[in-house]
Structure formats: structure tokens, C-alpha cells
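Beneath this line is the structure, given in C-alpha cells, with notes to follow.
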Amino acid sequence: MQISQNKYPSVWSAVSSTWKQAGFRGFYRGVAGPLMVVPLINAIVFGSYGQAKRWFGKDKDLTLTQLSLCGAWAGFVNSAVVGPIELVKTLMQKQLNYPDQPKKYKHSLDCAYKILKNNPRDILHGMVPTIYREVPAYFAQFWVYETVVRKVLTKQNQTVEDLSAPQLMIAGALAGAGCWLASYPMDVVKNNIQADYPRAIYKKHKFLFDGGFLHCARQIYAAKGVKGFWTGLAPFMTGVLPANAALFLAYEWTIKHLTT
């Protein structure tokens, strides 16, 4: 929906067209490779988050601002991994918008190989916009999560180990909502820049290190207004909330069992 260039006027039209073109597999085009590295991405995020907390000092003494900055650091570190992965995913999914044209990439590995063969540096296409998305995303995610958890702890005078699975899942779901509400417009810009590969029509700013971010944002606003930055948010969130609920439950469960 974000990079369909107005081809789909609604979510249902996008779903219907994808089904007709590629069937059930079409909904998962380009995600096989990324799914294989999801555990790695989560390990990097939570590992970097924990590392940053140790830099500040004891975990329990950190303020919400400090914890949020730890999240921002985790997002920055994660950008180096998720940027190339999402470039491949975006290009694979983009092919669905042009079913009548020959497919450039057979699968995710073929896509990555051809990008690297063209120019190894090209795998970093869209890296700056990725950083612009990841830093505020994880700043917001961990701020929301720690805020919700601390409110629950304050009310019931418990430690995090005492929280029930539903409580942790609610906190995780809200954290996911905060993460993407804070970064979704940047995600739209990033996806459009990466989908533009290898043309690079979005010009980099003369003075700012933006990777074409401002030019792309202006183009989206000129074409669709503010709504253009929120294209596809509703269906996207239906997947994000349960995923983050499960993610934070697994995170706290893992920490609990590793430290006991």
C-alpha cells in the first residue's frame, strides 16, 4: 500500500489484486528472507538496549528518559542490519505492482546478489532514512513499555517478575503501537526511497545528511497531503499489536529464566 503509487484505492482492492496475481503466496512475497533473520534483529535490539542500560548504571535506577535513550541506541544499531534486509523485501514486494513486466528477481537471495553485484555499496540504499525511522521508533517503544510496566508495578507493588502474561502482553502491544505511531511516516518515506532503487530520483540535501529523505517527503506531501504519510497504517497495526505482545512476553520470560 505504501509504494503502490495510487494503484490500489483501498486495502480491499490491494488484497483482491494480490490474490488474483499470486494467490496466497503473494501476501508473503519478499518476506521469506527477512523472516529468517527476525530472531537476529530482535537479539540485536534487546541486546543493544541491555548494553545501553549497563552504560547508564543499574537498571532499576534509570529514569524513563534514560531508558528511552537506550531504546534509541538500540534502534541506531539495528539500522545497520534491518536496512539492507528491508531493501530486499521492498524490491521483492514492488514487483507485485507490475505483474505484466518481467521479474527482475527470482527470490530474496537473488535480489541481494544482484544488488551486491551491481555495486556493494548499493546494499546500503536507504540507510539514512532507515536510521531516521529506527531511532524514534525504539525510543518510543521502550518509553511506552517502561511507562506502562511501571504504572502496573506502582499500583500493585510488584516486581516485573510478578506480572501476569496478559499484563506483559498488554504492555507489549501498547509499546508496539507507540513504536509505529512515532515512526510510521518515516517508514513510508524510507520505503519509497528504497523502492526507487536503482534510479535514485530523490535528491540528497546539499547540507543535511538525509539520504533524499526531505525530497521524498515533499513529493509524498505534494501528491497525497498528510494522509500520504499514514497510508496502510490500519492493516499494518493489526499485525504489529499481537506480534509485539508476544515479543515482550517472550523477552521478559527469557530474562526471568536466565537470571534465576
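Starting from 1 in every chain, residues are counted up; chains themselves are A, B, ... following the order of the C-alpha cells, and ligands are numbered from 1 as listed.
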**Study point:** Shell around Tyr145 (chain A) at 12 Å using only C-alpha atoms, local window under 3 positions removed, as a PyMOL selection string
**Key:** chain A and resi 64+67-68+71+138-142+148-152+160+167-179+244-245+247-249+252
For the residues selected in the previous step, produce a file with N, CA and C atoms as a compact mmCIF listing (two decimals), in the first residue's frame.
```txt
# COMPACT_ATOMS: atom_id res chain seq x y z
N LEU A 64 12.86 7.18 33.00
CA LEU A 64 12.21 6.85 31.73
C LEU A 64 12.95 7.48 30.55
N LEU A 67 15.96 5.30 29.84
CA LEU A 67 15.53 4.06 29.20
C LEU A 67 15.15 4.29 27.74
N SER A 68 14.52 5.43 27.49
CA SER A 68 14.14 5.76 26.11
C SER A 68 15.37 5.99 25.25
N GLY A 71 16.69 2.83 24.22
CA GLY A 71 15.92 2.33 23.08
C GLY A 71 16.36 2.98 21.78
N TYR A 138 12.23 3.06 18.36
CA TYR A 138 12.59 2.33 19.58
C TYR A 138 12.70 3.23 20.79
N PHE A 139 12.92 4.52 20.58
CA PHE A 139 12.81 5.48 21.67
C PHE A 139 11.39 5.42 22.23
N ALA A 140 10.41 5.50 21.33
CA ALA A 140 9.00 5.48 21.74
C ALA A 140 8.59 4.12 22.28
N GLN A 141 9.05 3.05 21.65
CA GLN A 141 8.64 1.71 22.08
C GLN A 141 9.02 1.44 23.52
N PHE A 142 10.27 1.70 23.87
CA PHE A 142 10.70 1.38 25.23
C PHE A 142 10.19 2.40 26.24
N VAL A 148 4.20 1.88 31.00
CA VAL A 148 3.06 1.01 31.33
C VAL A 148 3.44 0.03 32.43
N VAL A 149 4.60 -0.60 32.31
CA VAL A 149 5.04 -1.57 33.31
C VAL A 149 5.21 -0.91 34.67
N ARG A 150 5.78 0.28 34.70
CA ARG A 150 5.99 0.96 35.99
C ARG A 150 4.67 1.37 36.63
N LYS A 151 3.69 1.73 35.81
CA LYS A 151 2.39 2.08 36.38
C LYS A 151 1.73 0.86 37.00
N VAL A 152 1.85 -0.27 36.33
CA VAL A 152 1.30 -1.51 36.88
C VAL A 152 2.03 -1.87 38.16
N VAL A 160 8.66 -6.83 38.19
CA VAL A 160 8.24 -7.24 36.86
C VAL A 160 8.06 -8.75 36.76
N GLN A 167 -0.78 -9.08 31.45
CA GLN A 167 -0.28 -7.74 31.74
C GLN A 167 0.93 -7.40 30.86
N LEU A 168 1.84 -8.34 30.74
CA LEU A 168 3.03 -8.11 29.91
C LEU A 168 2.66 -7.97 28.44
N MET A 169 1.66 -8.73 28.01
CA MET A 169 1.24 -8.66 26.61
C MET A 169 0.56 -7.34 26.30
N ILE A 170 -0.21 -6.83 27.25
CA ILE A 170 -0.84 -5.52 27.06
C ILE A 170 0.23 -4.44 26.94
N ALA A 171 1.21 -4.49 27.83
CA ALA A 171 2.31 -3.52 27.79
C ALA A 171 3.06 -3.63 26.46
N GLY A 172 3.29 -4.85 26.01
CA GLY A 172 3.99 -5.06 24.74
C GLY A 172 3.21 -4.55 23.55
N ALA A 173 1.90 -4.79 23.55
CA ALA A 173 1.06 -4.31 22.45
C ALA A 173 1.04 -2.79 22.39
N LEU A 174 0.92 -2.16 23.55
CA LEU A 174 0.93 -0.69 23.59
C LEU A 174 2.29 -0.15 23.16
N ALA A 175 3.35 -0.86 23.53
CA ALA A 175 4.69 -0.45 23.11
C ALA A 175 4.82 -0.51 21.59
N GLY A 176 4.25 -1.55 20.99
CA GLY A 176 4.26 -1.67 19.54
C GLY A 176 3.50 -0.54 18.87
N ALA A 177 2.36 -0.18 19.46
CA ALA A 177 1.58 0.93 18.92
C ALA A 177 2.37 2.23 18.99
N GLY A 178 3.01 2.46 20.14
CA GLY A 178 3.82 3.67 20.30
C GLY A 178 4.98 3.71 19.33
N CYS A 179 5.60 2.56 19.15
CA CYS A 179 6.74 2.44 18.23
C CYS A 179 6.37 2.90 16.83
N ASN A 244 3.98 -7.69 18.87
CA ASN A 244 4.73 -7.07 19.96
C ASN A 244 4.29 -7.59 21.32
N ALA A 245 3.02 -7.93 21.44
CA ALA A 245 2.55 -8.51 22.70
C ALA A 245 3.30 -9.81 22.98
N LEU A 247 6.18 -10.69 21.62
CA LEU A 247 7.61 -10.40 21.70
C LEU A 247 8.04 -10.02 23.11
N PHE A 248 7.31 -9.10 23.73
CA PHE A 248 7.71 -8.65 25.07
C PHE A 248 7.43 -9.71 26.13
N LEU A 249 6.41 -10.51 25.91
CA LEU A 249 6.17 -11.63 26.83
C LEU A 249 7.36 -12.59 26.77
N GLU A 252 10.52 -10.92 28.52
CA GLU A 252 10.51 -10.96 29.98
C GLU A 252 10.63 -12.39 30.49
```
List every residue of region 140-217 of chain A that DSSP, applied to the backbone of this structure, assigns to alpha helix (DSSP H), and report them as a CSV table (one decimal) with N, CA and C atoms, in the first residue's frame.
```csv
chain,number,residue,atom,x,y,z
A,140,ALA,N,10.4,5.5,21.3
A,140,ALA,CA,9.0,5.5,21.7
A,140,ALA,C,8.6,4.1,22.3
A,141,GLN,N,9.1,3.0,21.6
A,141,GLN,CA,8.6,1.7,22.1
A,141,GLN,C,9.0,1.4,23.5
A,142,PHE,N,10.3,1.7,23.9
A,142,PHE,CA,10.7,1.4,25.2
A,142,PHE,C,10.2,2.4,26.2
A,143,TRP,N,9.9,3.6,25.8
A,143,TRP,CA,9.3,4.6,26.7
A,143,TRP,C,7.9,4.2,27.1
A,144,VAL,N,7.1,3.8,26.1
A,144,VAL,CA,5.8,3.3,26.4
A,144,VAL,C,5.8,2.0,27.2
A,145,TYR,N,6.6,1.1,26.9
A,145,TYR,CA,6.7,-0.2,27.6
A,145,TYR,C,7.0,0.0,29.1
A,146,GLU,N,8.1,0.8,29.3
A,146,GLU,CA,8.6,1.0,30.7
A,146,GLU,C,7.6,1.8,31.5
A,147,THR,N,6.9,2.8,30.8
A,147,THR,CA,5.9,3.6,31.5
A,147,THR,C,4.7,2.7,31.9
A,148,VAL,N,4.2,1.9,31.0
A,148,VAL,CA,3.1,1.0,31.3
A,148,VAL,C,3.4,0.0,32.4
A,149,VAL,N,4.6,-0.6,32.3
A,149,VAL,CA,5.0,-1.6,33.3
A,149,VAL,C,5.2,-0.9,34.7
A,150,ARG,N,5.8,0.3,34.7
A,150,ARG,CA,6.0,1.0,36.0
A,150,ARG,C,4.7,1.4,36.6
A,151,LYS,N,3.7,1.7,35.8
A,151,LYS,CA,2.4,2.1,36.4
A,151,LYS,C,1.7,0.9,37.0
A,152,VAL,N,1.8,-0.3,36.3
A,152,VAL,CA,1.3,-1.5,36.9
A,152,VAL,C,2.0,-1.9,38.2
A,153,LEU,N,3.4,-1.7,38.2
A,153,LEU,CA,4.2,-2.1,39.3
A,153,LEU,C,3.8,-1.2,40.5
A,154,THR,N,3.6,0.1,40.2
A,154,THR,CA,3.3,1.1,41.3
A,154,THR,C,2.0,0.8,41.9
A,155,LYS,N,1.0,0.4,41.1
A,155,LYS,CA,-0.3,0.2,41.6
A,155,LYS,C,-0.4,-1.1,42.5
A,156,GLN,N,0.4,-2.1,42.1
A,156,GLN,CA,0.3,-3.4,42.7
A,156,GLN,C,1.5,-3.7,43.6
A,165,ALA,N,1.1,-12.9,32.4
A,165,ALA,CA,1.3,-12.9,31.0
A,165,ALA,C,0.4,-11.9,30.3
A,166,PRO,N,-0.9,-11.8,30.6
A,166,PRO,CA,-1.8,-10.8,30.0
A,166,PRO,C,-1.3,-9.4,30.2
A,167,GLN,N,-0.8,-9.1,31.4
A,167,GLN,CA,-0.3,-7.7,31.7
A,167,GLN,C,0.9,-7.4,30.9
A,168,LEU,N,1.8,-8.3,30.7
A,168,LEU,CA,3.0,-8.1,29.9
A,168,LEU,C,2.7,-8.0,28.4
A,169,MET,N,1.7,-8.7,28.0
A,169,MET,CA,1.2,-8.7,26.6
A,169,MET,C,0.6,-7.3,26.3
A,170,ILE,N,-0.2,-6.8,27.2
A,170,ILE,CA,-0.8,-5.5,27.1
A,170,ILE,C,0.2,-4.4,26.9
A,171,ALA,N,1.2,-4.5,27.8
A,171,ALA,CA,2.3,-3.5,27.8
A,171,ALA,C,3.1,-3.6,26.5
A,172,GLY,N,3.3,-4.9,26.0
A,172,GLY,CA,4.0,-5.1,24.7
A,172,GLY,C,3.2,-4.5,23.5
A,173,ALA,N,1.9,-4.8,23.5
A,173,ALA,CA,1.1,-4.3,22.4
A,173,ALA,C,1.0,-2.8,22.4
A,174,LEU,N,0.9,-2.2,23.5
A,174,LEU,CA,0.9,-0.7,23.6
A,174,LEU,C,2.3,-0.1,23.2
A,175,ALA,N,3.3,-0.9,23.5
A,175,ALA,CA,4.7,-0.4,23.1
A,175,ALA,C,4.8,-0.5,21.6
A,176,GLY,N,4.2,-1.6,21.0
A,176,GLY,CA,4.3,-1.7,19.5
A,176,GLY,C,3.5,-0.5,18.9
A,177,ALA,N,2.4,-0.2,19.5
A,177,ALA,CA,1.6,0.9,18.9
A,177,ALA,C,2.4,2.2,19.0
A,178,GLY,N,3.0,2.5,20.1
A,178,GLY,CA,3.8,3.7,20.3
A,178,GLY,C,5.0,3.7,19.3
A,179,CYS,N,5.6,2.6,19.1
A,179,CYS,CA,6.7,2.4,18.2
A,179,CYS,C,6.4,2.9,16.8
A,180,TRP,N,5.3,2.4,16.3
A,180,TRP,CA,4.9,2.7,14.9
A,180,TRP,C,4.2,4.0,14.7
A,181,LEU,N,3.5,4.5,15.7
A,181,LEU,CA,2.8,5.8,15.6
A,181,LEU,C,3.9,6.9,15.6
A,182,ALA,N,5.0,6.6,16.3
A,182,ALA,CA,6.1,7.6,16.3
A,182,ALA,C,7.0,7.5,15.0
A,183,SER,N,6.9,6.5,14.3
A,183,SER,CA,7.8,6.3,13.2
A,183,SER,C,7.2,6.0,11.8
A,184,TYR,N,5.9,5.8,11.8
A,184,TYR,CA,5.3,5.3,10.6
A,184,TYR,C,5.5,6.3,9.4
A,185,PRO,N,5.3,7.6,9.6
A,185,PRO,CA,5.6,8.5,8.4
A,185,PRO,C,7.0,8.3,7.9
A,186,MET,N,8.0,8.1,8.8
A,186,MET,CA,9.4,7.9,8.3
A,186,MET,C,9.5,6.6,7.6
A,187,ASP,N,8.7,5.6,8.0
A,187,ASP,CA,8.7,4.3,7.3
A,187,ASP,C,8.2,4.4,5.9
A,188,VAL,N,7.1,5.2,5.7
A,188,VAL,CA,6.6,5.5,4.4
A,188,VAL,C,7.6,6.1,3.5
A,189,VAL,N,8.3,7.1,4.0
A,189,VAL,CA,9.4,7.8,3.2
A,189,VAL,C,10.5,6.8,2.9
A,190,LYS,N,10.9,6.0,3.9
A,190,LYS,CA,12.0,5.1,3.7
A,190,LYS,C,11.6,4.0,2.6
A,191,ASN,N,10.4,3.5,2.7
A,191,ASN,CA,10.0,2.5,1.7
A,191,ASN,C,10.0,3.1,0.3
A,192,ASN,N,9.5,4.3,0.1
A,192,ASN,CA,9.5,4.9,-1.2
A,192,ASN,C,10.9,5.1,-1.7
A,193,ILE,N,11.8,5.5,-0.9
A,193,ILE,CA,13.2,5.7,-1.3
A,193,ILE,C,13.8,4.4,-1.7
A,194,GLN,N,13.6,3.3,-0.9
A,194,GLN,CA,14.2,2.0,-1.2
A,194,GLN,C,13.5,1.4,-2.5
A,195,ALA,N,12.2,1.6,-2.7
A,195,ALA,CA,11.5,1.1,-3.8
A,195,ALA,C,12.0,1.8,-5.1
A,213,PHE,N,15.7,12.0,2.1
A,213,PHE,CA,14.5,11.9,2.9
A,213,PHE,C,13.6,13.1,2.7
A,214,LEU,N,14.2,14.4,2.8
A,214,LEU,CA,13.3,15.6,2.7
A,214,LEU,C,12.7,15.7,1.3
A,215,HIS,N,13.4,15.4,0.2
A,215,HIS,CA,12.9,15.5,-1.1
A,215,HIS,C,11.7,14.5,-1.3
A,216,CYS,N,11.9,13.3,-0.8
A,216,CYS,CA,10.9,12.3,-0.9
A,216,CYS,C,9.6,12.7,-0.1
A,217,ALA,N,9.9,13.2,1.1
A,217,ALA,CA,8.8,13.6,2.0
A,217,ALA,C,7.9,14.7,1.3
```
Exercise for review: Please provide as a ChimeraX atom specification all residues within 9 Å of Val81 (chain A), with the sequence filter that same-chain residues fewer than 6 positions apart are discarded (counting only C-alpha atoms).
Suggested key: /A:40-41,44
Check your understanding: With only C-alpha atoms as the atoms that count, which of A:His205, A:Lys256, A:Lys224, A:Lys89 lies nearest to Thr159 (chain A)?
Key -> A:Lys256
**Study point:** Ile85 (chain A) environment, 12 Å, only C-alpha atoms, sequence neighbours closer than 5 positions dropped, as a PyMOL selection string
**Key:** chain A and resi 30-38+40-41+78-80+90-92+108-109+111-112+115+123-127+130+191+194
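Separating CA of Pro198 (chain A) from CA of Asp122 (chain A) is a distance of 8.2 Å.
CA of Tyr221 (chain A) lies 16.4 Å from CA of Leu233 (chain A).
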Practice item. Write out as a list in words the residues lying within 7 Å of Val45 (chain A), counting only C-alpha atoms and excluding same-chain residues fewer than 2 positions away. Key: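 The neighbour list is Ile41, Asn42, Ala43, Gly47, Ser48, Tyr49, Ala74, Gly75 and Asn78 of chain A.
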